[in-house]
$ cat final.cif   # mmCIF, C-alpha atoms
data_data
#
loop_
_atom_site.label_atom_id
_atom_site.label_comp_id
_atom_site.auth_asym_id
_atom_site.auth_seq_id
_atom_site.Cartn_x
_atom_site.Cartn_y
_atom_site.Cartn_z
CA MET A 462 130.22 222.76 110.95
CA SER A 463 126.62 223.21 109.87
CA ARG A 464 124.82 225.87 111.80
CA VAL A 465 121.18 226.80 112.23
CA THR A 466 119.45 229.88 113.55
CA ILE A 467 116.74 229.31 116.11
CA GLU A 468 114.25 231.50 117.88
CA VAL A 469 113.00 230.23 121.22
CA VAL A 470 111.38 231.73 124.29
CA VAL A 471 113.09 230.60 127.48
CA ASN A 472 111.48 231.48 130.81
CA GLY A 473 109.47 234.18 129.07
CA GLN A 474 112.53 235.73 127.42
CA PRO A 475 112.86 235.55 123.60
CA HIS A 476 116.23 234.35 122.32
CA ARG A 477 117.65 234.22 118.82
CA ALA A 478 120.79 232.17 118.45
CA GLU A 479 123.00 230.72 115.75
CA ILE A 480 124.08 227.28 116.92
CA PRO A 481 125.54 224.07 115.52
CA ALA A 482 122.71 221.81 114.27
CA ARG A 483 123.92 219.07 116.57
CA ARG A 484 123.73 221.22 119.76
CA LEU A 485 121.65 219.37 122.37
CA LEU A 486 118.88 221.32 124.05
CA ALA A 487 120.52 220.59 127.42
CA ASP A 488 123.81 222.08 126.24
CA PHE A 489 122.11 225.10 124.66
CA ILE A 490 120.35 225.85 127.95
CA ARG A 491 123.44 225.39 130.11
CA ASP A 492 126.37 226.45 127.94
CA ASP A 493 124.80 229.10 125.68
CA LEU A 494 122.18 230.60 128.01
CA PHE A 495 124.13 229.88 131.24
CA LEU A 496 121.00 228.47 132.89
CA THR A 497 122.85 225.82 134.86
CA GLY A 498 119.91 224.79 137.04
CA THR A 499 119.11 222.15 134.41
CA LYS A 500 121.46 219.23 135.03
CA ARG A 501 123.19 216.79 132.72
CA GLY A 502 123.06 213.42 134.45
CA CYS A 503 123.15 210.12 132.59
CA GLU A 504 122.88 211.83 129.17
CA THR A 505 121.13 208.73 127.87
CA GLY A 506 117.52 209.57 128.64
CA VAL A 507 117.31 207.50 131.80
CA CYS A 508 117.74 209.79 134.80
CA GLY A 509 115.55 212.81 133.98
CA ALA A 510 117.88 215.38 135.66
CA CYS A 511 117.78 217.38 132.40
CA SER A 512 113.95 217.62 132.34
CA VAL A 513 112.52 220.95 131.18
CA LEU A 514 109.08 222.05 130.03
CA LEU A 515 108.54 222.45 126.28
CA ASP A 516 105.26 224.31 125.71
CA GLY A 517 104.27 223.24 129.22
CA GLU A 518 105.02 219.52 128.72
CA VAL A 519 107.95 217.83 130.43
CA VAL A 520 110.68 216.53 128.10
CA LYS A 521 114.30 215.38 128.48
CA SER A 522 116.63 218.04 127.11
CA CYS A 523 119.47 215.51 126.64
CA LEU A 524 117.31 213.64 124.11
CA SER A 525 116.35 216.77 122.16
CA LEU A 526 118.27 218.92 119.73
CA ALA A 527 118.08 222.64 120.42
CA VAL A 528 116.89 223.12 116.83
CA GLN A 529 113.82 221.00 117.64
CA ALA A 530 112.77 223.68 120.13
CA GLU A 531 112.68 226.32 117.35
CA GLY A 532 109.45 228.33 117.69
CA HIS A 533 108.60 226.80 121.08
CA GLU A 534 108.59 227.95 124.69
CA ILE A 535 110.93 226.41 127.22
CA THR A 536 110.69 226.64 130.99
CA THR A 537 113.65 225.69 133.16
CA VAL A 538 113.87 225.56 136.93
CA GLU A 539 115.08 229.18 136.90
CA GLY A 540 111.74 230.16 135.38
CA ILE A 541 109.40 228.78 138.01
CA THR A 542 110.08 231.30 140.76
CA SER A 543 108.21 234.58 140.70
CA GLY A 544 109.45 237.85 142.20
CA GLY A 545 112.17 236.08 144.16
CA GLU A 546 109.61 233.81 145.83
CA LEU A 547 110.08 230.06 145.67
CA HIS A 548 107.49 228.12 143.70
CA PRO A 549 105.16 226.29 146.16
CA LEU A 550 106.71 223.01 144.99
CA GLN A 551 110.22 224.25 145.80
CA ALA A 552 109.11 225.40 149.26
CA SER A 553 107.44 222.05 149.81
CA PHE A 554 110.57 220.09 148.74
CA ALA A 555 112.54 222.08 151.35
CA GLU A 556 109.93 221.56 154.04
CA HIS A 557 109.29 217.83 153.47
CA GLY A 558 112.81 216.60 152.74
CA GLY A 559 112.29 216.20 148.99
CA PHE A 560 116.03 216.17 148.34
CA GLN A 561 119.39 215.32 149.81
CA CYS A 562 122.22 215.99 147.33
CA GLY A 563 119.86 218.02 145.14
CA TYR A 564 121.19 216.98 141.75
CA CYS A 565 117.90 215.44 140.58
CA THR A 566 115.79 218.23 142.10
CA PRO A 567 115.48 220.59 139.09
CA GLY A 568 114.28 217.68 136.95
CA MET A 569 111.99 216.44 139.73
CA LEU A 570 110.44 219.89 140.02
CA MET A 571 109.73 220.10 136.30
CA ALA A 572 108.15 216.62 136.35
CA ALA A 573 106.15 217.63 139.43
CA ILE A 574 104.82 220.76 137.71
CA ALA A 575 103.69 218.58 134.80
CA ILE A 576 101.96 216.19 137.23
CA LEU A 577 100.02 219.02 138.88
CA ASN A 578 99.16 220.63 135.53
CA GLU A 579 97.59 217.33 134.48
CA SER A 580 95.88 216.65 137.79
CA PRO A 581 95.71 219.26 140.57
CA SER A 582 94.60 216.57 143.07
CA PRO A 583 96.79 213.60 142.15
CA THR A 584 96.75 210.30 143.99
CA GLU A 585 100.05 209.01 145.32
CA ALA A 586 100.06 206.43 142.51
CA GLU A 587 99.65 209.21 139.92
CA VAL A 588 102.54 211.13 141.46
CA ARG A 589 104.77 208.06 141.37
CA ALA A 590 103.77 207.32 137.77
CA GLY A 591 104.49 210.95 136.88
CA LEU A 592 107.98 210.64 138.36
CA SER A 593 108.76 207.40 136.52
CA GLY A 594 111.12 209.20 134.14
CA ASN A 595 113.18 210.74 136.96
CA LEU A 596 115.70 208.99 139.16
CA CYS A 597 116.75 209.99 142.69
CA ARG A 598 119.56 207.96 144.28
CA CYS A 599 119.33 209.62 147.73
CA THR A 600 115.81 209.88 149.05
CA GLY A 601 114.05 206.66 148.13
CA TYR A 602 111.32 208.96 146.73
CA VAL A 603 109.18 209.05 149.89
CA GLY A 604 110.14 212.66 150.66
CA ILE A 605 109.64 213.68 147.04
CA VAL A 606 106.18 212.14 146.85
CA GLU A 607 105.22 213.76 150.17
CA SER A 608 106.53 217.12 148.98
CA ILE A 609 104.40 216.98 145.84
CA MET A 610 101.26 215.80 147.67
CA ALA A 611 101.65 218.62 150.22
CA ALA A 612 102.31 221.24 147.51
CA ALA A 613 99.24 220.06 145.59
CA GLU A 614 97.11 220.63 148.67
CA LYS A 615 98.60 224.08 149.24
CA MET A 616 98.22 225.07 145.59
CA ARG A 617 94.56 224.02 145.62
CA GLY A 618 94.15 226.36 148.56
CA THR A 619 92.67 223.71 150.82
CA MET B 1274 127.77 213.13 118.14
CA ARG B 1275 129.05 213.72 114.60
CA ASP B 1276 128.22 216.90 112.73
CA PHE B 1277 125.24 216.89 110.37
CA ASP B 1278 123.10 219.21 108.26
CA TYR B 1279 119.55 219.72 109.49
CA LEU B 1280 116.96 219.95 106.72
CA MET B 1281 113.38 221.10 107.18
CA PRO B 1282 111.25 220.20 104.16
CA GLU B 1283 107.53 221.05 104.15
CA THR B 1284 105.87 218.36 102.05
CA VAL B 1285 105.98 214.56 101.85
CA GLY B 1286 107.21 214.92 98.26
CA GLU B 1287 110.14 217.07 99.34
CA VAL B 1288 111.05 214.63 102.12
CA SER B 1289 110.92 211.75 99.68
CA GLY B 1290 113.17 213.60 97.20
CA LEU B 1291 115.75 214.27 99.93
CA LEU B 1292 115.66 210.68 101.13
CA ALA B 1293 116.11 209.39 97.58
CA ARG B 1294 119.02 211.74 96.95
CA LEU B 1295 120.85 211.31 100.25
CA GLY B 1296 120.25 207.58 100.76
CA ASP B 1297 121.94 205.98 103.74
CA ASP B 1298 123.67 209.25 104.65
CA CYS B 1299 120.47 210.67 106.08
CA ARG B 1300 117.94 209.87 108.77
CA MET B 1301 114.46 211.24 109.37
CA ILE B 1302 113.82 212.81 112.74
CA ALA B 1303 110.36 213.03 114.33
CA GLY B 1304 110.35 213.27 118.15
CA GLY B 1305 113.97 212.15 118.19
CA THR B 1306 114.02 210.32 121.53
CA ALA B 1307 115.33 207.07 120.05
CA LEU B 1308 117.38 208.68 117.27
CA LEU B 1309 119.25 211.00 119.67
CA LEU B 1310 120.40 208.01 121.71
CA ALA B 1311 121.60 206.25 118.56
CA LEU B 1312 123.37 209.42 117.37
CA ARG B 1313 125.03 210.04 120.70
CA GLN B 1314 126.30 206.48 120.86
CA ARG B 1315 127.41 206.76 117.21
CA MET B 1316 125.37 203.74 116.28
CA VAL B 1317 124.31 205.89 113.33
CA THR B 1318 126.37 208.72 111.85
CA PRO B 1319 124.24 210.45 109.22
CA THR B 1320 125.54 213.51 107.37
CA HIS B 1321 121.99 214.86 107.14
CA LEU B 1322 118.92 214.83 109.38
CA VAL B 1323 115.60 215.36 107.62
CA SER B 1324 113.19 216.90 110.11
CA LEU B 1325 109.50 216.10 109.72
CA ALA B 1326 108.44 218.93 112.05
CA ARG B 1327 107.32 221.29 109.27
CA VAL B 1328 105.80 218.67 106.97
CA ARG B 1329 102.11 219.30 106.43
CA GLY B 1330 99.51 216.58 106.91
CA LEU B 1331 101.30 214.42 109.47
CA ARG B 1332 99.32 215.54 112.52
CA GLY B 1333 95.88 215.19 114.00
CA ILE B 1334 93.47 212.45 115.05
CA THR B 1335 90.13 211.97 113.31
CA TYR B 1336 87.40 209.33 113.42
CA ASP B 1337 84.49 208.36 111.25
CA PRO B 1338 82.36 205.25 111.68
CA ARG B 1339 83.06 203.91 108.17
CA ASP B 1340 86.84 204.38 107.93
CA GLY B 1341 87.67 204.24 111.62
CA LEU B 1342 90.49 206.14 113.28
CA ARG B 1343 93.26 208.08 111.54
CA ILE B 1344 96.28 209.18 113.53
CA GLY B 1345 98.90 211.43 111.93
CA ALA B 1346 102.36 209.87 112.19
CA LEU B 1347 103.77 212.85 114.14
CA THR B 1348 101.18 212.46 116.92
CA THR B 1349 102.90 212.03 120.28
CA HIS B 1350 102.05 209.15 122.58
CA ALA B 1351 100.72 211.69 125.09
CA ALA B 1352 98.35 213.12 122.48
CA VAL B 1353 97.08 209.59 121.68
CA ALA B 1354 96.53 208.97 125.41
CA ARG B 1355 94.66 212.27 125.88
CA SER B 1356 92.52 212.16 122.74
CA PRO B 1357 88.79 211.94 123.62
CA LEU B 1358 88.22 210.09 120.33
CA VAL B 1359 90.78 207.43 121.18
CA ARG B 1360 89.69 207.16 124.80
CA GLN B 1361 86.06 206.71 123.82
CA ARG B 1362 86.41 204.37 120.82
CA TYR B 1363 89.72 202.57 121.44
CA PRO B 1364 90.29 202.65 125.22
CA VAL B 1365 92.90 199.88 124.92
CA LEU B 1366 95.04 202.12 122.72
CA ALA B 1367 94.63 205.18 124.98
CA ASP B 1368 95.50 203.08 128.03
CA MET B 1369 98.59 201.60 126.35
CA ALA B 1370 99.78 205.06 125.30
CA SER B 1371 99.13 206.53 128.76
CA ARG B 1372 101.45 203.96 130.39
CA LEU B 1373 104.15 203.81 127.70
CA ALA B 1374 107.77 204.38 128.87
CA ASN B 1375 107.66 207.59 130.97
CA PRO B 1376 106.02 211.03 130.75
CA GLN B 1377 108.98 212.67 129.02
CA VAL B 1378 109.09 210.07 126.26
CA ARG B 1379 105.31 210.20 125.84
CA ASN B 1380 105.44 213.98 125.36
CA GLN B 1381 108.23 213.88 122.83
CA GLY B 1382 108.09 210.51 121.10
CA THR B 1383 105.70 209.99 118.19
CA LEU B 1384 103.66 206.98 117.15
CA GLY B 1385 105.13 207.12 113.64
CA GLY B 1386 108.68 207.39 114.95
CA ASN B 1387 108.12 204.42 117.22
CA LEU B 1388 106.94 202.25 114.31
CA CYS B 1389 109.69 203.30 111.89
CA TYR B 1390 112.42 202.62 114.43
CA ALA B 1391 110.97 199.09 114.67
CA ASP B 1392 112.41 198.51 118.14
CA PRO B 1393 110.77 195.22 119.15
CA THR B 1394 110.88 196.06 122.87
CA THR B 1395 108.16 198.70 122.84
CA ASP B 1396 104.41 198.67 123.32
CA PRO B 1397 102.69 200.30 120.31
CA PRO B 1398 103.46 197.57 117.71
CA THR B 1399 101.74 194.81 119.71
CA CYS B 1400 98.66 196.88 120.48
CA LEU B 1401 98.39 198.18 116.90
CA ALA B 1402 98.78 194.65 115.52
CA ALA B 1403 95.82 193.48 117.64
CA LEU B 1404 93.79 196.48 116.42
CA GLU B 1405 94.69 195.50 112.81
CA ALA B 1406 96.21 198.91 112.09
CA MET B 1407 96.97 199.86 108.50
CA LEU B 1408 99.88 202.19 107.77
CA VAL B 1409 99.94 204.83 105.04
CA LEU B 1410 103.35 205.22 103.40
CA GLY B 1411 103.94 208.23 101.19
CA SER B 1412 106.65 209.10 98.68
CA ALA B 1413 107.12 211.16 95.52
CA ARG B 1414 105.78 208.06 93.74
CA GLY B 1415 102.44 208.17 95.57
CA TYR B 1416 100.91 206.40 98.56
CA ARG B 1417 100.63 202.76 99.55
CA TYR B 1418 98.92 200.97 102.41
CA LEU B 1419 100.43 198.20 104.48
CA PRO B 1420 99.12 196.31 107.54
CA VAL B 1421 101.35 197.04 110.54
CA THR B 1422 102.18 193.32 110.74
CA ASP B 1423 103.62 193.47 107.19
CA PHE B 1424 105.43 196.73 107.95
CA LEU B 1425 107.38 195.29 110.89
CA VAL B 1426 109.56 192.64 109.30
CA ASP B 1427 112.41 191.92 111.73
CA TYR B 1428 114.55 193.17 114.62
CA TYR B 1429 114.81 196.96 114.02
CA ALA B 1430 113.75 196.44 110.41
CA SER B 1431 110.65 197.72 108.63
CA ALA B 1432 109.28 197.52 105.11
CA LEU B 1433 109.71 201.27 104.64
CA GLU B 1434 111.35 201.92 101.26
CA PRO B 1435 114.37 204.31 101.26
CA ASP B 1436 112.29 207.18 99.79
CA GLU B 1437 109.14 206.60 101.88
CA VAL B 1438 107.61 208.41 104.86
CA LEU B 1439 105.07 206.91 107.25
CA THR B 1440 102.28 209.50 107.14
CA GLU B 1441 99.32 207.99 108.95
CA ILE B 1442 98.16 205.11 111.12
CA ARG B 1443 94.62 203.89 110.40
CA ILE B 1444 92.61 201.63 112.66
CA PRO B 1445 89.34 200.05 111.54
CA ALA B 1446 86.10 200.86 113.38
CA PRO B 1447 86.05 199.04 116.73
CA ARG B 1448 84.28 195.68 116.84
CA PHE B 1449 85.38 194.39 120.23
CA ASP B 1450 83.91 195.21 123.65
CA PHE B 1451 86.99 194.11 125.64
CA GLY B 1452 90.57 195.21 125.21
CA TYR B 1453 93.62 195.02 127.42
CA HIS B 1454 97.27 195.67 126.72
CA ALA B 1455 99.32 193.83 129.34
CA ARG B 1456 102.99 194.30 129.92
CA PHE B 1457 105.56 192.52 132.02
CA HIS B 1458 108.66 194.30 133.27
CA ARG B 1459 111.57 192.52 134.90
CA THR B 1460 111.72 195.26 137.53
CA ALA B 1461 109.27 198.04 138.35
CA ALA B 1462 111.87 200.67 137.40
CA GLU B 1463 112.31 199.33 133.88
CA HIS B 1464 110.57 201.06 131.00
CA ARG B 1465 111.19 198.56 128.26
CA PRO B 1466 108.69 195.71 128.55
CA LEU B 1467 110.16 192.21 128.59
CA ILE B 1468 106.82 190.97 127.31
CA ASN B 1469 103.61 192.56 126.18
CA LEU B 1470 100.32 191.02 125.15
CA ALA B 1471 97.23 192.61 123.65
CA LEU B 1472 93.89 190.83 123.95
CA LEU B 1473 90.71 192.06 122.26
CA ALA B 1474 87.40 190.21 122.47
CA ARG B 1475 83.70 190.36 121.80
CA ARG B 1476 81.81 188.82 124.68
CA ASP B 1477 78.32 187.64 125.44
CA GLY B 1478 78.23 187.51 129.23
CA ASP B 1479 81.12 185.25 130.21
CA VAL B 1480 81.25 183.55 126.80
CA VAL B 1481 83.85 184.73 124.31
CA GLY B 1482 82.51 185.40 120.82
CA GLU B 1483 85.65 186.30 118.96
CA ALA B 1484 89.14 187.05 120.29
CA ARG B 1485 92.30 188.63 118.94
CA LEU B 1486 95.53 187.84 120.81
CA VAL B 1487 98.98 189.24 119.97
CA VAL B 1488 102.27 188.78 121.86
CA GLY B 1489 105.18 191.17 121.43
CA ALA B 1490 108.33 192.68 122.94
CA THR B 1491 109.70 189.20 123.53
CA THR B 1492 109.44 188.20 119.87
CA VAL B 1493 111.23 190.13 117.11
CA VAL B 1494 107.89 191.22 115.66
CA PRO B 1495 104.38 191.08 117.16
CA THR B 1496 103.03 187.53 116.93
CA ARG B 1497 99.34 186.78 116.58
CA VAL B 1498 98.37 183.46 118.15
CA ALA B 1499 95.40 182.28 116.10
CA ALA B 1500 95.36 178.86 117.82
CA ALA B 1501 94.68 180.50 121.17
CA GLU B 1502 92.02 182.75 119.65
CA ALA B 1503 90.31 179.64 118.25
CA VAL B 1504 90.34 177.89 121.63
CA LEU B 1505 88.73 180.91 123.29
CA ALA B 1506 86.01 181.41 120.65
CA GLY B 1507 82.59 180.27 121.78
CA ARG B 1508 83.79 179.14 125.21
CA ARG B 1509 82.82 180.25 128.69
CA VAL B 1510 85.81 181.82 130.45
CA THR B 1511 86.97 179.73 133.38
CA ALA B 1512 90.30 179.39 135.16
CA ALA B 1513 90.83 176.12 133.28
CA LEU B 1514 90.17 177.73 129.89
CA ALA B 1515 92.58 180.56 130.71
CA ARG B 1516 95.28 178.00 131.54
CA GLU B 1517 94.57 175.98 128.41
CA ALA B 1518 94.79 179.03 126.13
CA ALA B 1519 97.85 180.41 127.95
CA ASP B 1520 99.70 177.11 127.37
CA ILE B 1521 98.94 177.39 123.66
CA VAL B 1522 100.26 180.97 123.59
CA ALA B 1523 103.46 180.03 125.42
CA GLU B 1524 104.17 177.14 123.05
CA ALA B 1525 103.26 179.06 119.89
CA ILE B 1526 105.74 181.92 120.18
CA ASP B 1527 109.43 182.02 119.35
CA PRO B 1528 110.94 184.14 122.14
CA VAL B 1529 114.26 185.91 121.78
CA SER B 1530 117.02 185.11 124.25
CA ASP B 1531 119.27 187.89 125.47
CA ILE B 1532 120.84 189.48 128.51
CA ARG B 1533 117.42 190.67 129.71
CA GLY B 1534 115.93 187.19 129.70
CA GLY B 1535 116.55 183.73 128.31
CA SER B 1536 113.95 182.16 126.03
CA ALA B 1537 112.77 179.61 128.63
CA PHE B 1538 112.15 182.35 131.21
CA ARG B 1539 110.40 184.50 128.65
CA ARG B 1540 108.18 181.59 127.58
CA ASP B 1541 107.22 180.94 131.22
CA MET B 1542 106.40 184.60 131.78
CA VAL B 1543 104.37 184.76 128.57
CA ARG B 1544 102.32 181.86 129.95
CA VAL B 1545 101.64 183.82 133.16
CA VAL B 1546 100.86 187.10 131.39
CA ALA B 1547 98.53 185.31 128.93
CA ARG B 1548 96.64 183.50 131.71
CA ARG B 1549 96.18 186.64 133.80
CA THR B 1550 95.10 188.69 130.79
CA ILE B 1551 92.54 186.09 129.66
CA GLU B 1552 91.14 185.95 133.22
CA ARG B 1553 90.41 189.66 132.89
CA LEU B 1554 87.65 188.77 130.42
CA VAL B 1555 85.43 187.96 133.38
CA GLU B 1556 84.96 189.29 136.87
CA GLN B 1557 87.70 188.51 139.36
CA ASP B 1558 87.92 188.70 143.13
CA SER B 1559 90.50 190.82 144.94
CA GLU B 1560 93.06 188.01 144.59
CA GLY B 1561 92.63 187.87 140.82
CA ARG B 1562 90.63 184.61 140.88
CA ILE B 1563 87.66 184.25 138.57
CA VAL B 1564 84.34 184.70 140.35
CA ALA B 1565 82.38 181.59 139.37
#
$ encode --input "final.cif" --output "structure tokens"
Amino acid sequence: MSRVTIEVVVNGQPHRAEIPARRLLADFIRDDLFLTGTKRGCETGVCGACSVLLDGEVVKSCLSLAVQAEGHEITTVEGITSGGELHPLQASFAEHGGFQCGYCTPGMLMAAIAILNESPSPTEAEVRAGLSGNLCRCTGYVGIVESIMAAAEKMRGT
Amino acid sequence: MRDFDYLMPETVGEVSGLLARLGDDCRMIAGGTALLLALRQRMVTPTHLVSLARVRGLRGITYDPRDGLRIGALTTHAAVARSPLVRQRYPVLADMASRLANPQVRNQGTLGGNLCYADPTTDPPTCLAALEAMLVLGSARGYRYLPVTDFLVDYYASALEPDEVLTEIRIPAPRFDFGYHARFHRTAAEHRPLINLALLARRDGDVVGEARLVVGATTVVPTRVAAAEAVLAGRRVTAALAREAADIVAEAIDPVSDIRGGSAFRRDMVRVVARRTIERLVEQDSEGRIVA
């Protein structure tokens, strides 16, 4: 089996690992780093449950090889809390019914962070466009969109 | 996914040497969004992946008025969409890139990777064909230049030689004042367009000077419809003209027929997309009707 050595920073923590070249980024995060917040869903790039941030931009970790992340910074859902406090988006999802079963939620949160990084005052249409790579089969999206709009307002401090 | 070796060359010459040596046993990987799917489904089973990530000279966007725009092949769709140069000089390209697929694919997928995969059901080929993009292909033997319409030859097939790398996409200096890249999806949740259509035009008030019209996604390669361009040239845009030109477009193309849509349905939808796009050349009311 051909192996590669990679150095990546995950949630602020540097890691050096020797892995098979074919290891998916999703599997590296879950099975090697035991960060199981990131979900494997469809595993064909459709559902977005595996979304993580790569250098601050949202990507699907089931469509990336871990070796492609060499030299880059990854943020998973475990990395968005600070000092045991929920991220404002997480608090808002809880408050506004942004999830039911919760399986899509880690991916939704990463997509939501990317939306607010791009545009701190997004329109509802921008939020929906920003979520177009993430599927939720429970909520019908209304609660998710409301959660993100409310978090945006809170994060702007208005 | 089968096991493979992962190679990280640093120059176009090195890549070309590896491709020549390994032949069909290897695949290049750029962003990897399309390749990973093919690997996971074992549609391709290479023994080697040649990564372009460390290759010098495949990144960046530059513009000069004489040579136009140059986009490095490893530029992501998101970077194209964000680029002030692209947004200012080629808004149609920035707009297309900003709506392509979904945010995750835009952040990871590259313009060069999209073209080399030659998947007909994507947006960049149609838009780039209308913009008359020229591709730069490099190998250990040197560089050659090919119009994007000669590069895309068939369903998932390009003119890339086995030892070649797409290094750059060049677009001539803009000469149109209108551009729109339209797409038609069967459902709002779908990311692969059933049809797309790029229309560029120079206008004098509501009279079209020159137009460039290309249909894609529903044909195996982007199809320029010169007969429709000729009908539009020199005419005042009216609802009747839009219908006349749209009929020509619908009859001129050779739509594919598959599980996503039969050829008759696709032809009908091309007619609708063409009419609506041409109507955008002039002011419309809130219902999309031309303001006379």
$ closest_atom_pairs --input "final.cif" --of "chain A" --to "chain B" --cutoff "7 Å" --atoms "all atoms listed in the file" --output "JSON lines"
{"residue": "A:Met462", "atom": "CA", "partner": "B:Asp1276", "partner_atom": "CA", "distance": 6.4}
{"residue": "A:Ser463", "atom": "CA", "partner": "B:Asp1278", "partner_atom": "CA", "distance": 5.6}
{"residue": "A:Ala482", "atom": "CA", "partner": "B:Tyr1279", "partner_atom": "CA", "distance": 6.1}
{"residue": "A:Arg483", "atom": "CA", "partner": "B:Asp1276", "partner_atom": "CA", "distance": 6.2}
{"residue": "A:Thr505", "atom": "CA", "partner": "B:Leu1310", "partner_atom": "CA", "distance": 6.2}
{"residue": "A:Glu518", "atom": "CA", "partner": "B:Asn1380", "partner_atom": "CA", "distance": 6.5}
{"residue": "A:Val519", "atom": "CA", "partner": "B:Gln1377", "partner_atom": "CA", "distance": 5.4}
{"residue": "A:Val520", "atom": "CA", "partner": "B:Gln1377", "partner_atom": "CA", "distance": 4.3}
{"residue": "A:Lys521", "atom": "CA", "partner": "B:Gln1377", "partner_atom": "CA", "distance": 6.0}
{"residue": "A:Leu524", "atom": "CA", "partner": "B:Thr1306", "partner_atom": "CA", "distance": 5.3}
{"residue": "A:Ser525", "atom": "CA", "partner": "B:Gly1305", "partner_atom": "CA", "distance": 6.5}
{"residue": "A:Gly591", "atom": "CA", "partner": "B:Pro1376", "partner_atom": "CA", "distance": 6.3}
{"residue": "A:Ser593", "atom": "CA", "partner": "B:Asn1375", "partner_atom": "CA", "distance": 5.7}
{"residue": "A:Gly594", "atom": "CA", "partner": "B:Asn1375", "partner_atom": "CA", "distance": 5.0}
$ residues_around --input "final.cif" --residues "region 472-480 of chain A" --least-positions-apart "6" --cutoff "12 Å" --atoms "all atoms listed in the file" --output "ChimeraX atom specification"
/A:462-466,486,488-490,492-494,496,513-517,526-528,530-543 /B:1276,1278-1279
$ atom_distance --input "final.cif" --atom1 "CA of Arg501 (chain A)" --atom2 "CA of Cys562 (chain A)"
14.7 Å
$ resolve_selection --input "final.cif" --expression "the PyMOL selection byres ((chain B and resi 1543) around 9)" --output "number ranges by chain"
B: 1457, 1468-1470, 1488, 1491, 1519, 1522-1523, 1526, 1538-1542, 1544-1548
$ residues_around --input "final.cif" --residues "Gly1452 (chain B)" --least-positions-apart "2" --cutoff "9 Å" --atoms "all atoms listed in the file" --output "number ranges by chain"
B: 1363-1366, 1449-1450, 1454, 1471-1474, 1554
$ write_last_selection --input "final.cif" --atoms "C-alpha atoms" --output "mmCIF file, keeping the file's coordinate frame"
data_model
loop_
_atom_site.group_PDB
_atom_site.id
_atom_site.type_symbol
_atom_site.label_atom_id
_atom_site.label_comp_id
_atom_site.auth_asym_id
_atom_site.auth_seq_id
_atom_site.Cartn_x
_atom_site.Cartn_y
_atom_site.Cartn_z
ATOM 1 C CA TYR B 1363 89.720 202.570 121.440
ATOM 2 C CA PRO B 1364 90.290 202.650 125.220
ATOM 3 C CA VAL B 1365 92.900 199.880 124.920
ATOM 4 C CA LEU B 1366 95.040 202.120 122.720
ATOM 5 C CA PHE B 1449 85.380 194.390 120.230
ATOM 6 C CA ASP B 1450 83.910 195.210 123.650
ATOM 7 C CA HIS B 1454 97.270 195.670 126.720
ATOM 8 C CA ALA B 1471 97.230 192.610 123.650
ATOM 9 C CA LEU B 1472 93.890 190.830 123.950
ATOM 10 C CA LEU B 1473 90.710 192.060 122.260
ATOM 11 C CA ALA B 1474 87.400 190.210 122.470
ATOM 12 C CA LEU B 1554 87.650 188.770 130.420
#
$ residues_around --input "final.cif" --residues "Pro1420 (chain B)" --least-positions-apart "2" --cutoff "8 Å" --atoms "all atoms listed in the file" --output "list of chain:residue names"
B:Glu1405, B:Ala1406, B:Met1407, B:Leu1408, B:Tyr1418, B:Thr1422, B:Asp1423, B:Phe1424
$ closest_residue --input "final.cif" --among "B:Arg1459, B:Ala1515, B:Cys1400, B:Ser1412" --to "Arg1485 (chain B)" --atoms "only C-alpha atoms"
B:Cys1400
$ resolve_selection --input "final.cif" --expression "the PyMOL selection byres ((chain B and resi 1394) around 6)" --output "compact mmCIF listing (two decimals) with C-alpha atoms, in the frame of the given file"
# COMPACT_ATOMS: atom_id res chain seq x y z
CA ASP B 1392 112.41 198.51 118.14
CA PRO B 1393 110.77 195.22 119.15
CA THR B 1395 108.16 198.70 122.84
CA ARG B 1465 111.19 198.56 128.26
CA ALA B 1490 108.33 192.68 122.94
$ resolve_selection --input "final.cif" --expression "the PyMOL selection byres ((chain B and resi 1296) around 12)" --output "list in words"
Val1288, Ser1289, Gly1290, Leu1291, Leu1292, Ala1293, Arg1294, Leu1295, Asp1297, Asp1298, Cys1299, Arg1300, Met1301, Pro1319, Thr1320, His1321, Leu1322, Val1323, Glu1434, Pro1435, Asp1436 and Glu1437 of chain B
$ residues_around --input "final.cif" --residues "Ala1346 (chain B)" --least-positions-apart "4" --cutoff "7 Å" --atoms "only C-alpha atoms" --output "list in words"
Leu1331, Arg1332, Thr1383, Leu1384, Gly1385, Leu1439, Thr1440, Glu1441 and Ile1442 of chain B
$ atom_distance --input "final.cif" --atom1 "CA of Arg1327 (chain B)" --atom2 "CA of Pro481 (chain A)"
19.5 Å
$ residues_near_point --input "final.cif" --point "(104.2, 223.3, 146.2)" --cutoff "12 Å" --atoms "all atoms listed in the file" --output "PyMOL selection string"
chain A and resi 541-542+546-557+559+570-571+573-574+576-577+581+605-618
$ atom_distance --input "final.cif" --atom1 "CA of Val1480 (chain B)" --atom2 "CA of Arg1456 (chain B)"
24.5 Å
$ residues_near_point --input "final.cif" --point "(112.5, 185.6, 122.2)" --cutoff "7 Å" --atoms "only C-alpha atoms" --output "number ranges by chain"
B: 1491-1493, 1527-1530, 1536, 1539
$ closest_residue --input "final.cif" --among "A:Thr497, A:Ala487, A:Cys503, A:Gln529" --to "Met1281 (chain B)" --atoms "all atoms listed in the file"
A:Gln529
